[in-house]
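Trainee: Here you go, my_file.cif (mmCIF, C-alpha atoms):
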data_entry
loop_
_atom_site.label_atom_id
_atom_site.label_comp_id
_atom_site.auth_asym_id
_atom_site.auth_seq_id
_atom_site.Cartn_x
_atom_site.Cartn_y
_atom_site.Cartn_z
CA MET Q 234 -3.98 -22.26 7.75
CA GLY Q 235 -5.85 -24.73 5.64
CA ARG Q 236 -9.23 -23.04 5.71
CA ILE Q 237 -9.03 -21.76 2.14
CA GLN Q 238 -10.25 -24.58 -0.06
CA SER Q 239 -10.15 -22.90 -3.43
CA ILE Q 240 -8.94 -19.79 -5.21
CA LEU Q 241 -10.94 -18.99 -8.34
CA ARG Q 242 -9.97 -16.60 -11.10
CA PRO Q 243 -13.03 -15.49 -13.08
CA GLU Q 244 -12.56 -13.52 -16.30
CA THR Q 245 -15.68 -11.39 -16.21
CA ILE Q 246 -17.26 -9.29 -13.50
CA ALA Q 247 -20.55 -11.14 -13.95
CA GLU Q 248 -18.81 -14.44 -13.35
CA ALA Q 249 -17.04 -13.04 -10.28
CA VAL Q 250 -20.32 -11.76 -8.85
CA GLN Q 251 -21.91 -15.16 -9.43
CA LEU Q 252 -19.05 -16.96 -7.67
CA LEU Q 253 -19.26 -14.61 -4.70
CA ARG Q 254 -23.02 -15.12 -4.44
CA GLN Q 255 -22.69 -18.88 -4.75
CA GLY Q 256 -20.17 -18.71 -1.93
CA ASN Q 257 -23.04 -17.66 0.30
CA GLY Q 258 -20.89 -15.66 2.67
CA ARG Q 259 -17.98 -18.10 2.51
CA ALA Q 260 -16.40 -16.48 -0.56
CA ALA Q 261 -14.36 -13.29 -0.41
CA VAL Q 262 -12.77 -11.04 -3.02
CA LEU Q 263 -9.02 -11.53 -3.37
CA ALA Q 264 -7.29 -8.36 -4.59
CA GLY Q 265 -3.77 -7.63 -3.32
CA GLY Q 266 -4.17 -10.35 -0.72
CA THR Q 267 -1.74 -8.83 1.80
CA SER Q 268 -4.36 -8.98 4.52
CA LEU Q 269 -6.12 -12.21 3.49
CA ALA Q 270 -2.82 -14.09 3.22
CA VAL Q 271 -1.93 -13.27 6.80
CA ARG Q 272 -5.37 -13.72 8.32
CA SER Q 273 -8.43 -14.77 6.37
CA PRO Q 274 -11.80 -14.53 8.10
CA ALA Q 275 -12.78 -17.77 9.83
CA ASN Q 276 -15.91 -18.24 7.73
CA VAL Q 277 -14.17 -17.80 4.35
CA ASP Q 278 -13.15 -20.89 2.39
CA THR Q 279 -13.16 -19.55 -1.18
CA LEU Q 280 -11.25 -16.63 -2.63
CA VAL Q 281 -12.31 -14.97 -5.86
CA ASP Q 282 -9.22 -13.48 -7.49
CA ILE Q 283 -10.26 -10.33 -9.39
CA SER Q 284 -6.94 -9.80 -11.19
CA ALA Q 285 -8.32 -10.85 -14.59
CA LEU Q 286 -11.29 -8.48 -14.63
CA GLY Q 287 -9.48 -5.52 -16.17
CA LEU Q 288 -9.88 -3.41 -13.03
CA HIS Q 289 -6.52 -1.72 -13.47
CA GLY Q 290 -5.55 1.81 -14.36
CA VAL Q 291 -5.75 5.49 -13.52
CA ALA Q 292 -7.37 8.08 -15.79
CA GLY Q 293 -8.81 11.55 -15.67
CA PHE Q 294 -12.48 12.29 -16.35
CA ASP Q 295 -14.05 15.78 -16.58
CA GLY Q 296 -11.38 17.19 -14.28
CA GLY Q 297 -11.78 14.33 -11.81
CA LEU Q 298 -9.73 11.19 -11.36
CA SER Q 299 -10.82 7.60 -11.85
CA ILE Q 300 -8.78 4.85 -10.22
CA LYS Q 301 -9.72 1.25 -10.96
CA ALA Q 302 -9.98 -0.79 -7.80
CA ARG Q 303 -7.38 -3.48 -8.56
CA THR Q 304 -4.59 -0.97 -9.31
CA PRO Q 305 -1.63 -1.52 -6.96
CA LEU Q 306 -0.61 1.53 -4.92
CA ALA Q 307 2.78 1.64 -6.67
CA HIS Q 308 1.03 2.08 -10.02
CA VAL Q 309 -1.25 4.80 -8.65
CA ALA Q 310 1.79 6.59 -7.22
CA ALA Q 311 3.60 6.40 -10.58
CA SER Q 312 0.61 7.48 -12.66
CA ALA Q 313 0.99 10.81 -14.47
CA ALA Q 314 -2.75 11.45 -14.17
CA ALA Q 315 -2.60 11.00 -10.40
CA GLN Q 316 0.54 13.12 -10.08
CA GLN Q 317 -1.14 15.99 -11.91
CA PHE Q 318 -4.27 15.84 -9.77
CA LEU Q 319 -4.25 18.26 -6.80
CA ASP Q 320 -0.45 18.48 -6.77
CA GLY Q 321 -0.08 14.73 -6.49
CA VAL Q 322 -1.66 14.36 -3.06
CA ILE Q 323 -2.86 10.83 -3.88
CA PRO Q 324 0.62 9.55 -4.89
CA THR Q 325 2.01 11.24 -1.76
CA ALA Q 326 -0.42 9.27 0.37
CA CYS Q 327 0.14 6.00 -1.53
CA ASN Q 328 3.88 6.31 -1.01
CA ARG Q 329 3.39 6.58 2.75
CA VAL Q 330 1.64 3.21 2.91
CA ALA Q 331 3.80 0.31 4.10
CA SER Q 332 6.89 -0.57 2.00
CA THR Q 333 7.97 -1.00 -1.62
CA PRO Q 334 7.03 -4.71 -2.00
CA LEU Q 335 3.74 -4.15 -0.19
CA ARG Q 336 2.88 -1.13 -2.34
CA ASN Q 337 3.40 -3.42 -5.33
CA MET Q 338 0.76 -5.76 -3.86
CA ILE Q 339 -1.75 -3.65 -1.90
CA THR Q 340 -4.48 -2.37 -4.20
CA PHE Q 341 -6.13 1.02 -4.10
CA GLY Q 342 -9.58 -0.53 -3.74
CA GLY Q 343 -8.52 -3.02 -1.10
CA ASN Q 344 -7.08 -0.35 1.16
CA LEU Q 345 -10.36 1.59 0.91
CA PHE Q 346 -13.13 -0.99 0.71
CA GLN Q 347 -11.92 -3.44 3.34
CA PRO Q 348 -10.32 -0.84 5.58
CA LEU Q 349 -8.29 -2.01 8.53
CA PRO Q 350 -7.86 0.33 11.49
CA TRP Q 351 -4.42 1.28 10.14
CA SER Q 352 -5.40 1.81 6.48
CA ASP Q 353 -4.13 5.21 5.37
CA LEU Q 354 -6.12 6.01 2.25
CA PRO Q 355 -9.67 6.16 3.65
CA ALA Q 356 -8.94 9.49 5.36
CA LEU Q 357 -7.77 11.08 2.11
CA MET Q 358 -10.67 9.69 0.05
CA LEU Q 359 -13.13 11.02 2.63
CA ALA Q 360 -11.46 14.44 2.44
CA LEU Q 361 -11.65 14.35 -1.38
CA ASN Q 362 -15.33 13.33 -1.31
CA ALA Q 363 -14.65 10.21 -3.38
CA ASP Q 364 -17.34 7.95 -4.84
CA PHE Q 365 -17.07 4.19 -4.81
CA VAL Q 366 -18.49 2.37 -7.82
CA VAL Q 367 -19.77 -1.01 -6.70
CA THR Q 368 -21.06 -3.73 -9.00
CA GLN Q 369 -23.28 -6.65 -8.32
CA GLU Q 370 -26.40 -7.27 -10.43
CA GLN Q 371 -26.54 -3.55 -10.89
CA THR Q 372 -23.93 -0.89 -10.53
CA ARG Q 373 -24.34 1.63 -7.75
CA THR Q 374 -22.28 4.44 -6.31
CA ILE Q 375 -21.54 4.85 -2.62
CA SER Q 376 -20.10 8.12 -1.34
CA ALA Q 377 -17.16 8.11 1.05
CA ASP Q 378 -19.36 9.89 3.59
CA THR Q 379 -21.77 6.95 3.46
CA LEU Q 380 -19.19 4.18 3.29
CA TYR Q 381 -17.27 5.45 6.31
CA ALA Q 382 -20.25 6.52 8.40
CA PRO Q 383 -20.16 4.73 11.76
CA GLY Q 384 -22.07 1.48 11.58
CA ALA Q 385 -22.58 1.74 7.82
CA ARG Q 386 -20.71 -1.41 6.83
CA SER Q 387 -24.03 -3.08 6.08
CA ILE Q 388 -24.16 -0.95 2.95
CA VAL Q 389 -21.63 -3.40 1.49
CA LYS Q 390 -23.50 -6.60 0.56
CA PRO Q 391 -22.09 -10.07 -0.04
CA GLY Q 392 -21.29 -10.31 -3.74
CA ASP Q 393 -20.41 -6.63 -4.04
CA ILE Q 394 -17.27 -5.88 -6.03
CA LEU Q 395 -15.70 -2.44 -5.86
CA THR Q 396 -14.67 -1.69 -9.44
CA GLU Q 397 -13.58 1.92 -9.38
CA VAL Q 398 -12.99 4.92 -7.15
CA ARG Q 399 -13.99 8.26 -8.66
CA ILE Q 400 -12.65 11.45 -7.17
CA PRO Q 401 -14.79 14.35 -8.41
CA ALA Q 402 -13.27 17.39 -10.08
CA PRO Q 403 -12.24 19.88 -7.43
CA PRO Q 404 -13.64 23.41 -7.86
CA PRO Q 405 -11.17 26.08 -8.99
CA ASP Q 406 -8.63 27.17 -6.35
CA SER Q 407 -8.79 23.91 -4.44
CA ARG Q 408 -5.93 22.20 -2.68
CA ALA Q 409 -5.40 19.12 -0.54
CA VAL Q 410 -2.73 17.73 1.76
CA PHE Q 411 -2.13 14.40 3.46
CA HIS Q 412 0.11 13.58 6.38
CA LYS Q 413 0.83 10.26 7.98
CA VAL Q 414 2.32 10.46 11.45
CA SER Q 415 4.18 7.30 12.41
CA ARG Q 416 7.15 6.39 14.55
CA THR Q 417 9.11 5.08 11.58
CA GLY Q 418 8.52 5.28 7.84
CA PHE Q 419 7.26 1.71 7.76
CA ASP Q 420 5.18 1.69 10.94
CA TYR Q 421 1.40 1.76 11.01
CA ALA Q 422 0.05 5.28 11.31
CA THR Q 423 -0.42 6.79 14.73
CA LEU Q 424 -2.46 9.44 12.96
CA ASP Q 425 -3.38 10.39 9.41
CA VAL Q 426 -4.49 13.92 8.63
CA ALA Q 427 -6.13 14.81 5.31
CA VAL Q 428 -7.36 18.28 4.44
CA ALA Q 429 -9.11 19.39 1.25
CA ALA Q 430 -10.16 23.00 0.80
CA THR Q 431 -11.49 25.46 -1.75
CA MET Q 432 -10.88 29.18 -1.60
CA ALA Q 433 -13.25 31.92 -2.78
CA GLY Q 434 -11.08 34.99 -3.03
CA SER Q 435 -9.45 35.37 0.35
CA THR Q 436 -11.93 33.28 2.33
CA ILE Q 437 -12.24 29.55 2.80
CA ALA Q 438 -15.33 28.49 0.86
CA ALA Q 439 -15.21 24.78 1.60
CA CYS Q 440 -13.01 22.60 3.74
CA ARG Q 441 -12.89 18.99 4.85
CA VAL Q 442 -10.66 18.01 7.73
CA VAL Q 443 -10.36 14.25 8.19
CA LEU Q 444 -8.46 12.19 10.74
CA GLY Q 445 -7.46 8.61 10.05
CA CYS Q 446 -6.24 5.83 12.30
CA VAL Q 447 -7.55 7.42 15.48
CA ARG Q 448 -10.64 5.20 15.45
CA THR Q 449 -11.58 2.20 13.31
CA LEU Q 450 -12.87 4.41 10.50
CA PRO Q 451 -11.76 7.86 9.30
CA ILE Q 452 -13.53 10.79 10.94
CA ARG Q 453 -14.53 14.14 9.48
CA VAL Q 454 -13.99 16.77 12.13
CA ALA Q 455 -17.06 18.99 11.86
CA ALA Q 456 -15.91 21.27 14.68
CA ALA Q 457 -12.72 22.15 12.79
CA GLU Q 458 -14.48 22.50 9.42
CA GLU Q 459 -17.08 24.88 10.84
CA GLU Q 460 -14.36 26.96 12.44
CA LEU Q 461 -12.58 27.39 9.10
CA ILE Q 462 -15.35 27.88 6.56
CA GLY Q 463 -16.15 31.48 5.65
CA LYS Q 464 -13.01 32.87 7.26
CA SER Q 465 -9.66 34.05 5.98
CA PRO Q 466 -6.71 31.75 6.58
CA SER Q 467 -4.51 32.85 9.48
CA PRO Q 468 -2.22 31.17 12.01
CA GLN Q 469 -4.69 32.03 14.80
CA LEU Q 470 -7.54 30.41 12.87
CA PHE Q 471 -5.51 27.26 12.24
CA ALA Q 472 -4.58 27.00 15.91
CA SER Q 473 -8.17 27.33 17.05
CA ALA Q 474 -9.44 24.86 14.41
CA ALA Q 475 -6.76 22.38 15.45
CA ALA Q 476 -7.67 22.81 19.12
CA LYS Q 477 -11.33 22.20 18.27
CA ALA Q 478 -10.38 19.08 16.32
CA ALA Q 479 -8.42 17.72 19.26
CA GLY Q 480 -11.20 18.57 21.68
CA SER Q 481 -14.01 17.02 19.69
CA ILE Q 482 -12.51 13.57 19.12
CA GLU Q 483 -12.13 10.60 21.42
CA PRO Q 484 -9.03 8.97 19.96
CA ALA Q 485 -8.54 5.26 20.46
CA HIS Q 486 -5.82 4.34 22.91
CA ASP Q 487 -3.78 1.19 23.01
CA PHE Q 488 -0.55 -0.15 24.40
CA ARG Q 489 1.43 1.98 21.99
CA PHE Q 490 -0.19 5.38 22.32
CA SER Q 491 -2.32 6.94 25.03
CA GLN Q 492 -5.41 8.92 24.23
CA GLU Q 493 -3.73 12.08 25.55
CA TYR Q 494 -0.75 11.62 23.27
CA ARG Q 495 -2.91 11.03 20.19
CA ARG Q 496 -4.98 14.09 21.09
CA HIS Q 497 -1.81 16.16 21.32
CA LEU Q 498 -0.70 14.86 17.93
CA ILE Q 499 -4.06 15.83 16.44
CA LYS Q 500 -3.66 19.39 17.69
CA VAL Q 501 -0.14 19.71 16.30
CA TRP Q 502 -0.67 17.96 12.98
CA VAL Q 503 -4.02 19.47 12.07
CA ARG Q 504 -2.44 22.88 12.61
CA ARG Q 505 0.55 22.00 10.45
CA ALA Q 506 -1.66 20.48 7.75
CA LEU Q 507 -3.74 23.65 7.63
CA HIS Q 508 -0.60 25.78 7.29
CA GLU Q 509 0.48 23.59 4.41
CA THR Q 510 -2.95 23.59 2.79
CA PHE Q 511 -3.22 27.35 2.75
CA GLY Q 512 0.40 28.01 1.96
CA THR Q 513 1.47 29.74 5.15
CA SER Q 514 4.89 29.25 6.50
CA GLU Q 515 4.94 26.91 9.49
CA ALA Q 516 7.52 24.29 8.62
CA ILE Q 517 6.46 20.73 8.10
CA ARG Q 518 8.98 18.07 8.84
CA MET J 71 -4.15 -28.34 -7.10
CA LYS J 72 -1.66 -28.03 -9.91
CA LEU J 73 0.50 -24.98 -10.54
CA ILE J 74 2.54 -24.31 -13.67
CA PHE J 75 4.79 -21.27 -13.70
CA THR J 76 8.21 -20.16 -14.85
CA LEU J 77 10.89 -20.13 -12.17
CA ASN J 78 14.18 -18.49 -13.10
CA GLY J 79 13.50 -19.03 -16.78
CA GLU J 80 12.51 -22.68 -16.47
CA GLU J 81 8.94 -23.96 -16.63
CA ARG J 82 7.99 -25.76 -13.44
CA SER J 83 4.95 -27.83 -12.62
CA CYS J 84 4.02 -28.76 -9.06
CA THR J 85 1.17 -29.64 -6.76
CA ILE J 86 0.19 -27.00 -4.22
CA GLU J 87 -2.30 -26.63 -1.39
CA PRO J 88 -5.10 -24.14 -2.17
CA ASP J 89 -3.90 -21.63 0.42
CA GLU J 90 -0.19 -22.29 -0.05
CA LYS J 91 2.06 -19.25 -0.20
CA LEU J 92 4.57 -18.80 -3.00
CA LEU J 93 7.43 -18.90 -0.49
CA THR J 94 6.50 -22.46 0.53
CA THR J 95 6.19 -23.53 -3.10
CA LEU J 96 9.60 -22.10 -3.97
CA ARG J 97 11.32 -23.74 -1.03
CA ASN J 98 9.60 -27.08 -1.72
CA LEU J 99 11.04 -26.87 -5.23
CA GLY J 100 14.52 -26.55 -3.71
CA THR J 101 14.79 -22.82 -4.32
CA THR J 102 15.86 -21.89 -0.83
CA SER J 103 17.23 -18.38 -1.26
CA PRO J 104 13.90 -16.78 -0.23
CA LYS J 105 13.72 -17.02 3.55
CA LYS J 106 10.79 -17.11 5.91
CA GLY J 107 11.36 -14.28 8.35
CA CYS J 108 8.22 -12.71 9.73
CA GLY J 109 5.75 -14.62 7.57
CA GLU J 110 3.47 -11.62 7.31
CA GLY J 111 5.07 -9.37 4.73
CA ALA J 112 6.94 -7.02 7.04
CA CYS J 113 10.60 -8.06 6.76
CA GLY J 114 11.30 -8.71 3.07
CA SER J 115 13.57 -11.73 3.53
CA CYS J 116 11.20 -13.67 1.24
CA ALA J 117 11.13 -10.99 -1.48
CA VAL J 118 11.18 -12.24 -5.07
CA LEU J 119 10.37 -10.79 -8.47
CA LEU J 120 6.91 -11.76 -9.69
CA ASN J 121 6.64 -10.83 -13.37
CA GLY J 122 9.49 -8.39 -12.72
CA THR J 123 7.87 -6.74 -9.67
CA LEU J 124 9.20 -7.05 -6.13
CA VAL J 125 6.71 -8.84 -3.86
CA ASN J 126 6.83 -10.63 -0.53
CA SER J 127 6.42 -14.29 -1.41
CA CYS J 128 5.32 -15.23 2.12
CA ILE J 129 1.99 -13.44 1.60
CA THR J 130 1.53 -14.22 -2.10
CA PHE J 131 -0.95 -17.01 -2.75
CA ALA J 132 0.84 -19.53 -4.98
CA ALA J 133 -2.44 -20.26 -6.77
CA THR J 134 -2.42 -16.72 -8.16
CA CYS J 135 0.98 -17.32 -9.82
CA SER J 136 -0.25 -19.60 -12.58
CA GLY J 137 1.67 -18.71 -15.74
CA ALA J 138 3.76 -16.13 -13.91
CA HIS J 139 7.50 -15.55 -14.15
CA VAL J 140 9.22 -15.74 -10.77
CA THR J 141 12.85 -14.72 -10.28
CA THR J 142 14.92 -15.48 -7.19
CA VAL J 143 18.61 -15.09 -6.39
CA GLU J 144 19.16 -18.52 -7.96
CA GLY J 145 18.13 -16.93 -11.24
CA LEU J 146 20.71 -14.14 -10.98
CA GLY J 147 23.97 -15.94 -10.35
CA HIS J 148 25.81 -18.94 -8.95
CA PRO J 149 28.68 -19.25 -6.47
CA ASN J 150 31.11 -19.70 -9.38
CA ASP J 151 29.53 -17.01 -11.46
CA PRO J 152 27.86 -14.43 -9.23
CA HIS J 153 25.79 -11.53 -10.46
CA PRO J 154 27.47 -8.11 -10.12
CA ILE J 155 24.94 -7.17 -7.41
CA GLN J 156 25.96 -10.24 -5.41
CA GLU J 157 29.65 -9.43 -5.87
CA GLU J 158 29.20 -5.85 -4.75
CA PHE J 159 27.36 -6.99 -1.61
CA VAL J 160 30.32 -9.24 -0.77
CA LYS J 161 32.93 -6.57 -1.57
CA ALA J 162 31.20 -3.88 0.48
CA GLY J 163 30.79 -6.15 3.49
CA ALA J 164 27.03 -5.76 3.19
CA VAL J 165 26.40 -9.29 4.46
CA GLN J 166 26.55 -10.36 8.08
CA CYS J 167 24.36 -13.33 8.97
CA GLY J 168 23.03 -13.33 5.41
CA PHE J 169 19.40 -14.10 6.21
CA CYS J 170 18.09 -10.83 4.78
CA THR J 171 20.55 -10.79 1.88
CA PRO J 172 18.50 -12.63 -0.78
CA GLY J 173 15.62 -10.18 -0.26
CA MET J 174 18.03 -7.23 -0.33
CA ILE J 175 19.54 -8.52 -3.58
CA MET J 176 16.13 -8.92 -5.22
CA ALA J 177 15.04 -5.46 -4.06
CA THR J 178 18.26 -4.09 -5.56
CA LYS J 179 17.61 -5.93 -8.81
CA ALA J 180 14.08 -4.51 -8.98
CA LEU J 181 15.42 -1.00 -8.35
CA LEU J 182 18.24 -1.15 -10.91
CA ASP J 183 15.98 -2.67 -13.57
CA SER J 184 13.77 0.41 -13.42
CA ASN J 185 16.31 3.04 -12.33
CA PRO J 186 19.93 2.32 -13.31
CA ASP J 187 21.28 5.45 -11.59
CA PRO J 188 19.49 5.83 -8.24
CA ASP J 189 20.47 8.46 -5.69
CA ARG J 190 20.75 7.58 -2.02
CA SER J 191 17.18 8.45 -1.15
CA GLN J 192 15.90 6.33 -4.03
CA ILE J 193 18.05 3.44 -2.80
CA MET J 194 16.68 3.84 0.73
CA SER J 195 13.13 3.96 -0.58
CA ALA J 196 13.57 0.90 -2.80
CA LEU J 197 14.89 -1.14 0.12
CA ASP J 198 12.36 0.15 2.65
CA GLY J 199 10.64 -3.24 2.78
CA ASN J 200 13.79 -5.16 3.74
CA ARG J 201 14.91 -5.51 7.34
CA CYS J 202 18.47 -6.25 8.43
CA ARG J 203 18.57 -7.14 12.13
CA CYS J 204 22.33 -7.66 12.39
CA THR J 205 23.50 -4.10 12.30
CA GLY J 206 22.35 -1.51 9.82
CA TYR J 207 22.11 -0.37 6.28
CA VAL J 208 25.20 1.74 5.56
CA LYS J 209 27.15 -1.02 3.84
CA ILE J 210 24.05 -2.34 2.13
CA PHE J 211 23.24 1.04 0.56
CA GLU J 212 26.90 1.37 -0.40
CA ALA J 213 26.78 -2.01 -2.15
CA VAL J 214 23.66 -1.01 -4.08
CA GLY J 215 25.31 2.23 -5.20
CA ASN J 216 28.44 0.35 -6.27
CA ALA J 217 26.38 -2.22 -8.17
CA ALA J 218 24.51 0.56 -9.95
CA LYS J 219 27.79 2.20 -11.00
CA ARG J 220 29.25 -1.07 -12.16
CA LEU J 221 26.17 -2.19 -14.10
CA SER J 222 25.77 1.16 -15.82
CA THR J 223 29.42 1.31 -16.90
CA SER J 224 29.61 -2.32 -18.02
CA LYS J 225 26.47 -2.62 -20.10
CA GLY J 226 26.56 -5.78 -22.14
CA ASP J 227 29.26 -7.72 -20.30
CA GLY J 228 29.24 -7.64 -16.48
CA GLY J 229 25.61 -6.69 -16.51
CA LYS J 230 23.61 -9.85 -16.63
CA PRO J 231 19.88 -9.82 -17.25
#
Would you mind writing the file out in structure tokens?

Mentor:
Amino acid sequence: MGRIQSILRPETIAEAVQLLRQGNGRAAVLAGGTSLAVRSPANVDTLVDISALGLHGVAGFDGGLSIKARTPLAHVAASAAAQQFLDGVIPTACNRVASTPLRNMITFGGNLFQPLPWSDLPALMLALNADFVVTQEQTRTISADTLYAPGARSIVKPGDILTEVRIPAPPPDSRAVFHKVSRTGFDYATLDVAVAATMAGSTIAACRVVLGCVRTLPIRVAAAEEELIGKSPSPQLFASAAAKAAGSIEPAHDFRFSQEYRRHLIKVWVRRALHETFGTSEAIR
Amino acid sequence: MKLIFTLNGEERSCTIEPDEKLLTTLRNLGTTSPKKGCGEGACGSCAVLLNGTLVNSCITFAATCSGAHVTTVEGLGHPNDPHPIQEEFVKAGAVQCGFCTPGMIMATKALLDSNPDPDRSQIMSALDGNRCRCTGYVKIFEAVGNAAKRLSTSKGDGGKP
């Protein structure tokens, strides 16, 4: 307590960028604030509130979906544009984050751009191949693959403001699912599974299988993706892809869940998520 | 620093610390219905309406509430003239120690403002950020359902803003 000396509320992005740069590493972006209010980094003494920059709203573009960074999860979940996109997989994921009052506060961009080990949305955005539009002096776009690559946090520079997340238009016959596995509805995830796939006739043309909350950052499971692509969906295929996913990952372990248990969950939930993705009949809780 | 905002319909002006949370500000102003439970946004006993939206005031920076409208239980009713939601909580026996009750009431108000006729799963979802550690939620959900029925059948009289 007491470290934050000032909270500023600029009205333009340029002004916000300038304040962050002037802060010289001691200024941080304040979006939903649910994390900063509980624990702000020791070196931060200035917060730059981005609520007046107009970074709010969800809209379609060329078959894709654009979500402004400051939009609270509750608004994303309630958005008609988001509900119509890929059978509403993004609202489904948003509604699994935390609780009603927190979903009113947590922003879409905050959950993705300052990910905590228990953030749920990074896994889904990696599966959907999202792009992150970042503004400083110039605007640049960072892919989810780049943003969540191990050790890639240096790609985010002091003064950067995430303004928008753009999810590209999925090719025809695409689908996506998201599952959060947690002990209770409110608990942090033990595991997130996100799958996005495109069919070409009866074979799987493209597929991303992503695990969240098993390490600090979401992980694409190449072993499972390679197993699936070019083949026809079948229960045997899903079981072998799930086994490969479980075998290729070193899940984090902590006082709540052992590595073995998380690995078992990966095997079970990747298989279930694949059944759901491709419309076969294994029941999902 | 100075903060001016509207609390339960009345403009208030006060001095706050830069990193002060809204919960502290409210309680310093004598509005003590919001309670500090966990202090990190998990329990909902500090929940208030900020511009009509349910938030946890313990993790809301007061400095971001300049010009905002904040509603607490004090803005809904008084002991001599309780709000129908408050009455239904009492009637259903939805209150034990009472610590979580103000947050439950505000979560109920937020729900019924947007959805006057919620089903049970919608009630459970709307109150998913509020913890009761005395016993459970059966009577609480019952009270919310009863309040919804009463408010929707008594539009204009029993139903206060």

Trainee: Would you pick out the contacts of Ala260 of chain Q at 7 Å or less, using all atoms listed in the file, so that residues sharing its chain but fewer than 6 positions from it are not included, and give the list as an mmCIF file with C-alpha atoms, keeping the file's coordinate frame?

Mentor:
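The resulting selection-v2.cif:
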data_model
loop_
_atom_site.group_PDB
_atom_site.id
_atom_site.type_symbol
_atom_site.label_atom_id
_atom_site.label_comp_id
_atom_site.auth_asym_id
_atom_site.auth_seq_id
_atom_site.Cartn_x
_atom_site.Cartn_y
_atom_site.Cartn_z
ATOM 1 C CA LEU Q 253 -19.260 -14.610 -4.700
ATOM 2 C CA VAL Q 277 -14.170 -17.800 4.350
ATOM 3 C CA ASP Q 278 -13.150 -20.890 2.390
ATOM 4 C CA THR Q 279 -13.160 -19.550 -1.180
ATOM 5 C CA LEU Q 280 -11.250 -16.630 -2.630
ATOM 6 C CA VAL Q 281 -12.310 -14.970 -5.860
#

Trainee: Could you write out as a list in words the residues of chain J within 9 Å of chain Q, counting all atoms listed in the file?

Mentor: Met71, Glu87, Pro88, Asp89, Glu90, Lys91, Gly109, Glu110, Gly111, Ala112, Gly114, Ala117, Thr123, Leu124, Val125, Asn126, Cys128, Ile129, Thr130, Phe131, Ala133, Thr134, Ala177, Ser195, Ala196, Leu197, Asp198, Gly199 and Asn200 of chain J

Trainee: Suppose a student applies the PyMOL selection byres ((chain Q and resi 471) around 8) to this structure; what residues should they get, written as a ChimeraX atom specification?

Mentor: /Q:461,466-470,472-475,503-504,507-508

Trainee: Include C-alpha atoms and write out the residues we just selected as a compact mmCIF listing (two decimals), in the frame of the given file.

Mentor:
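File out-v1.txt, as written:
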# COMPACT_ATOMS: atom_id res chain seq x y z
CA LEU Q 461 -12.58 27.39 9.10
CA PRO Q 466 -6.71 31.75 6.58
CA SER Q 467 -4.51 32.85 9.48
CA PRO Q 468 -2.22 31.17 12.01
CA GLN Q 469 -4.69 32.03 14.80
CA LEU Q 470 -7.54 30.41 12.87
CA ALA Q 472 -4.58 27.00 15.91
CA SER Q 473 -8.17 27.33 17.05
CA ALA Q 474 -9.44 24.86 14.41
CA ALA Q 475 -6.76 22.38 15.45
CA VAL Q 503 -4.02 19.47 12.07
CA ARG Q 504 -2.44 22.88 12.61
CA LEU Q 507 -3.74 23.65 7.63
CA HIS Q 508 -0.60 25.78 7.29

Trainee: So, with all atoms listed in the file as the atoms that count, which of J:Ala180, J:Met174, J:Val208, J:Ala132 lies closest to Arg97 of chain J?

Mentor: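 For Arg97 of chain J, the nearest of the given residues is J:Ala132.
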
Trainee: Apply the PyMOL selection byres ((chain J and resi 147) around 12) to the structure shown and report the selected residues as an NGL selection string.

Mentor: :J and (78 or 103 or 141-146 or 148-157 or 172 or 175-176 or 179 or 228-231)

Trainee: Going by the chain IDs and residue numbers used in this file, which residues fall under the PyMOL selection byres ((chain Q and resi 343-360) around 6)? Write them as a list of chain:residue names.

Mentor: Q:Thr340, Q:Phe341, Q:Gly342, Q:Leu361, Q:Asn362, Q:Ala363, Q:Ala377, Q:Tyr421, Q:Ala427, Q:Val428, Q:Ala429, Q:Arg441, Q:Val443, Q:Gly445, Q:Cys446, Q:Thr449, Q:Pro451

Trainee: Have a look at atom CA of Ile300 of chain Q and atom CA of Val398 of chain Q and let me know their distance in Å, one decimal.

Mentor: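 Calculated distance between atom CA of Ile300 of chain Q and atom CA of Val398 of chain Q is 5.2 Å.
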
Trainee: To one decimal in Å, tell me the separation between atom CA of Ser184 of chain J and atom CA of Lys219 of chain J.

Mentor: 14.3 Å

Trainee: As an exercise, work out the distance from atom CA of Ser312 of chain Q to atom CA of Pro324 of chain Q in Å and give it to one decimal place.

Mentor: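 Spanning atom CA of Ser312 of chain Q to atom CA of Pro324 of chain Q is a straight-line distance of 8.0 Å.
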
Trainee: Could you check which of Q:Gln255, Q:Pro243, Q:Gln316, Q:Thr423 is closest to Ser491 of chain Q, using only C-alpha atoms?

Mentor: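 Of the candidates, the smallest distance to Ser491 of chain Q is held by Q:Thr423.
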